[in-house]
Amino acid sequence: MKLYSHPGACSSASHIALLEAGLDFELIKVNLHSDRKLPDGRSLVDVNQKNSVPVLELDNGEILTENTAILQYIADQNPSSGLAPANGTWERYRLQEWLSYINFELHAGIGPMFRPDLPDEIKSKALEKFLGKLAHVEDALTDNDYLTGDQFTVADSYLFIVLSWTAMFDVKLSPNISAFQERCMTRPHVVTVKAVAA
Ligand SMILES: N[C@@H](CCC(=O)N[C@@H](CS)C(=O)NCC(=O)O)C(=O)O
């Protein structure tokens with residue numbers, strides 16, 4: 001399968017997940033800041049009508065988009081990786097609860113910070129709201145190494161990437177969240193993905 005990713009963007013969460021799951025894949029780098037041309041001459045929009053990453057292309061030609069779907073698909077390809085609890089279990093719904101929170105409240109919440117067209121006033125309000133949403137994460141990490149307990153899951157890979165964006169702004173993260181970031185950075189696959197440049 002192929003992962004279309006802009007290194008450092010949300011698609012890096014899927015990159016981490018693919019490595020953690022030990023799956024065979026090809027990384028197709030897409031530069032979102034340029035013309036989004038792909039190595040084969042097509043454009044990102046030819047593969048994904050939404051013109052965004054991540055995109056997962058399966059060997060049978062199926063195209064899957066959206067972080068929350070792709071991350072769960074990857075996890076399910078190797079259940080022994082522990083990247084997601086089994087489908088239909090209560091623990092799986094907990095994971096989905098986190099994936100939704102990260103996708104909507106955190107990922108979309110920090111989005112305005114990357115919009116050059118928005119005034120600073122709107123951006124600082126968005127950042128304040130985003131930091132407020134992190135209180136729930138800080139709380140969840142009080143007694144847990146990772147969001148759902150001791151096991152690193154795809155929710156953690158997604159959270160890690162979204163948190164990494166805060167380094168671009170004048171933000172001091174709370175203690176449990178900072179410890180979570182350091183813990184993730186002890187994982188060799190996380191370090192590998194962080195080192196991939198656009
Ligand atoms: N709803 C999508 C959003 C993905 C998304 O926001 N991707 C960003 C990178 S982090 C992107 O490709 N932005 C380019 C654009 O929207 O033009 C998902 O959750 O997968």
# chains A, B, ... in the order shown; residues from 1 in each chain; ligands from 1
>>> residues_near_ligand(ligand="ligand 1", cutoff="8 Å", atoms="only C-alpha atoms and all ligand atoms", output="list in words")
His6, Ala9, Cys10, Ser11, Leu32, Lys50, Asn51, Ser52, Val53, Pro54, Thr65, Glu66, Asn67, Thr68, Asn103, His107, Ala108 and Gly111 of chain A
>>> write_last_selection(atoms="all heavy atoms", output="tab-separated table (two decimals), in the first residue's frame")
chain	number	residue	atom	x	y	z
A	6	HIS	N	2.47	14.56	3.80
A	6	HIS	CA	3.36	15.73	3.90
A	6	HIS	C	4.05	15.58	5.25
A	6	HIS	O	3.39	15.66	6.30
A	6	HIS	CB	2.54	17.03	3.85
A	6	HIS	CG	3.38	18.25	4.09
A	6	HIS	ND1	3.75	19.10	3.08
A	6	HIS	CD2	3.92	18.75	5.23
A	6	HIS	CE1	4.48	20.09	3.58
A	6	HIS	NE2	4.59	19.90	4.89
A	9	ALA	N	2.92	16.95	8.78
A	9	ALA	CA	1.47	17.20	8.81
A	9	ALA	C	0.77	16.02	9.52
A	9	ALA	O	1.41	15.05	9.94
A	9	ALA	CB	0.94	17.38	7.39
A	10	CYS	N	-0.55	16.12	9.60
A	10	CYS	CA	-1.31	15.09	10.32
A	10	CYS	C	-1.07	13.69	9.75
A	10	CYS	O	-1.18	12.69	10.47
A	10	CYS	CB	-2.80	15.43	10.31
A	10	CYS	SG	-3.50	15.64	8.65
A	11	SER	N	-0.74	13.61	8.46
A	11	SER	CA	-0.50	12.33	7.82
A	11	SER	C	0.70	11.60	8.43
A	11	SER	O	0.85	10.38	8.26
A	11	SER	CB	-0.28	12.54	6.32
A	11	SER	OG	0.68	13.57	6.11
A	32	LEU	N	2.66	20.06	0.51
A	32	LEU	CA	1.42	20.85	0.51
A	32	LEU	C	1.69	22.32	0.22
A	32	LEU	O	0.78	23.05	-0.17
A	32	LEU	CB	0.72	20.73	1.86
A	32	LEU	CG	0.12	19.38	2.22
A	32	LEU	CD1	-0.43	19.41	3.64
A	32	LEU	CD2	-0.95	18.94	1.24
A	50	LYS	N	-10.35	15.62	-2.30
A	50	LYS	CA	-10.33	16.64	-1.24
A	50	LYS	C	-9.01	17.42	-1.23
A	50	LYS	O	-8.87	18.37	-0.47
A	50	LYS	CB	-10.56	15.98	0.12
A	50	LYS	CG	-11.86	15.21	0.23
A	50	LYS	CD	-11.87	14.40	1.53
A	50	LYS	CE	-12.90	13.30	1.49
A	50	LYS	NZ	-12.73	12.33	2.58
A	51	ASN	N	-8.04	16.94	-2.03
A	51	ASN	CA	-6.74	17.61	-2.16
A	51	ASN	C	-6.02	17.75	-0.81
A	51	ASN	O	-5.39	18.77	-0.54
A	51	ASN	CB	-6.94	19.00	-2.79
A	51	ASN	CG	-5.65	19.48	-3.48
A	51	ASN	OD1	-4.74	18.69	-3.74
A	51	ASN	ND2	-5.59	20.77	-3.79
A	52	SER	N	-6.18	16.74	0.02
A	52	SER	CA	-5.53	16.78	1.34
A	52	SER	C	-4.87	15.44	1.63
A	52	SER	O	-5.13	14.43	0.97
A	52	SER	CB	-6.57	17.11	2.42
A	52	SER	OG	-7.57	16.14	2.45
A	53	VAL	N	-4.00	15.45	2.63
A	53	VAL	CA	-3.40	14.22	3.15
A	53	VAL	C	-3.95	14.01	4.55
A	53	VAL	O	-4.40	14.98	5.17
A	53	VAL	CB	-1.85	14.34	3.18
A	53	VAL	CG1	-1.29	14.42	1.79
A	53	VAL	CG2	-1.37	15.51	4.03
A	54	PRO	N	-3.93	12.81	5.08
A	54	PRO	CA	-3.38	11.58	4.51
A	54	PRO	C	-4.29	10.94	3.47
A	54	PRO	O	-5.51	11.12	3.49
A	54	PRO	CB	-3.26	10.67	5.73
A	54	PRO	CG	-4.39	11.08	6.62
A	54	PRO	CD	-4.51	12.58	6.42
A	65	THR	N	-9.36	7.91	2.76
A	65	THR	CA	-8.95	9.22	3.28
A	65	THR	C	-9.53	9.39	4.69
A	65	THR	O	-10.29	8.54	5.15
A	65	THR	CB	-9.45	10.37	2.38
A	65	THR	OG1	-10.88	10.39	2.39
A	65	THR	CG2	-8.95	10.22	0.95
A	66	GLU	N	-9.15	10.47	5.32
A	66	GLU	CA	-9.57	10.86	6.67
A	66	GLU	C	-8.73	10.12	7.74
A	66	GLU	O	-8.73	8.88	7.80
A	66	GLU	CB	-11.06	10.63	6.93
A	66	GLU	CG	-11.97	11.42	5.99
A	66	GLU	CD	-11.82	12.94	6.12
A	66	GLU	OE1	-11.74	13.45	7.24
A	66	GLU	OE2	-11.77	13.60	5.08
A	67	ASN	N	-8.08	10.94	8.54
A	67	ASN	CA	-7.20	10.41	9.59
A	67	ASN	C	-7.83	9.30	10.43
A	67	ASN	O	-7.22	8.26	10.66
A	67	ASN	CB	-6.81	11.55	10.54
A	67	ASN	CG	-5.70	12.41	9.98
A	67	ASN	OD1	-4.57	11.97	9.86
A	67	ASN	ND2	-6.01	13.65	9.64
A	68	THR	N	-9.04	9.55	10.90
A	68	THR	CA	-9.62	8.60	11.86
A	68	THR	C	-9.90	7.24	11.21
A	68	THR	O	-9.79	6.21	11.86
A	68	THR	CB	-10.90	9.17	12.50
A	68	THR	OG1	-11.81	9.52	11.46
A	68	THR	CG2	-10.61	10.40	13.33
A	103	ASN	N	-9.28	14.78	16.35
A	103	ASN	CA	-9.56	15.24	14.99
A	103	ASN	C	-10.32	16.57	14.99
A	103	ASN	O	-9.94	17.53	14.31
A	103	ASN	CB	-10.35	14.16	14.26
A	103	ASN	CG	-10.55	14.46	12.79
A	103	ASN	OD1	-11.68	14.51	12.31
A	103	ASN	ND2	-9.49	14.67	12.05
A	107	HIS	N	-7.01	18.97	16.30
A	107	HIS	CA	-6.47	19.18	14.95
A	107	HIS	C	-7.19	20.37	14.27
A	107	HIS	O	-6.55	21.35	13.87
A	107	HIS	CB	-6.64	17.88	14.15
A	107	HIS	CG	-6.19	17.98	12.72
A	107	HIS	ND1	-6.27	16.91	11.86
A	107	HIS	CD2	-5.68	18.98	11.99
A	107	HIS	CE1	-5.80	17.27	10.68
A	107	HIS	NE2	-5.44	18.52	10.73
A	108	ALA	N	-8.50	20.29	14.20
A	108	ALA	CA	-9.24	21.39	13.57
A	108	ALA	C	-9.13	22.66	14.43
A	108	ALA	O	-9.12	23.78	13.91
A	108	ALA	CB	-10.70	21.00	13.37
A	111	GLY	N	-6.06	24.57	13.65
A	111	GLY	CA	-6.00	24.89	12.22
A	111	GLY	C	-5.87	26.37	11.90
A	111	GLY	O	-5.05	26.76	11.05
>>> select_by_dssp(residues="region 26-194 of chain A", states="strand (DSSP E or B)", output="MDAnalysis selection string")
chainID A and resid 26:29 37 43 55:57 63:65 146 149
>>> residues_around(residues="Ser157 (chain A)", least_positions_apart="4", cutoff="7 Å", atoms="only C-alpha atoms", output="JSON list (two decimals) with C-alpha atoms, in the first residue's frame")
[["chain", "number", "residue", "atom", "x", "y", "z"],
["A", 13, "ALA", "CA", 0.44, 10.03, 12.41],
["A", 16, "ILE", "CA", 4.05, 6.32, 12.60],
["A", 17, "ALA", "CA", 1.17, 3.82, 12.73],
["A", 153, "THR", "CA", -2.38, 3.35, 20.14],
["A", 161, "ILE", "CA", 1.71, 14.90, 15.79]]
>>> select_by_dssp(residues="region 1-189 of chain A", states="alpha helix (DSSP H)", output="ChimeraX atom specification")
/A:11-21,44-47,67-77,90-100,108-110,120-140,154-164,175-184,188-189
>>> residues_around(residues="Asp35 (chain A)", least_positions_apart="6", cutoff="12 Å", atoms="only C-alpha atoms", output="list of chain:residue names")
A:Gly41, A:Arg42, A:Ser43, A:Leu44, A:Val45, A:Asn51
>>> residues_around(residues="region 179-195 of chain A", least_positions_apart="6", cutoff="9 Å", atoms="only C-alpha atoms", output="list in words")
Pro7, Gly8, Ser12, Ala13, His15, Ile16, Ala17, Leu19, Glu20, Leu141, Asp145, Tyr146, Phe152, Asp156, Ser157, Phe160, Ile161, Leu163 and Ser164 of chain A
>>> atom_distance(atom1="CA of Val171 (chain A)", atom2="CA of Ala155 (chain A)")
22.1 Å
>>> closest_residue(among="A:Ser5, A:Asp59, A:Pro85, A:Asn176", to="Asn31 (chain A)", atoms="only C-alpha atoms")
A:Ser5
>>> closest_residue(among="A:Gly132, A:Ala167, A:Asn87, A:Val55", to="Ala75 (chain A)", atoms="only C-alpha atoms")
A:Asn87
>>> closest_residue(among="A:Asp76, A:Asp143, A:Glu128, A:Glu138", to="Phe169 (chain A)", atoms="only C-alpha atoms")
A:Glu128
>>> atom_distance(atom1="CA of Leu159 (chain A)", atom2="CA of Pro119 (chain A)")
26.4 Å
>>> closest_residue(among="A:Gly88, A:Phe114, A:Leu173, A:Leu95", to="His33 (chain A)", atoms="only C-alpha atoms")
A:Phe114
>>> residues_around(residues="region 22-28 of chain A", least_positions_apart="5", cutoff="8 Å", atoms="only C-alpha atoms", output="ChimeraX atom specification")
/A:1-5,15,38-39,77-78
>>> closest_residue(among="A:Ser100, A:Ser124, A:Ser34, A:Thr142", to="Ile177 (chain A)", atoms="only C-alpha atoms")
A:Thr142
>>> atom_distance(atom1="CA of Ile63 (chain A)", atom2="CA of Arg92 (chain A)")
23.4 Å
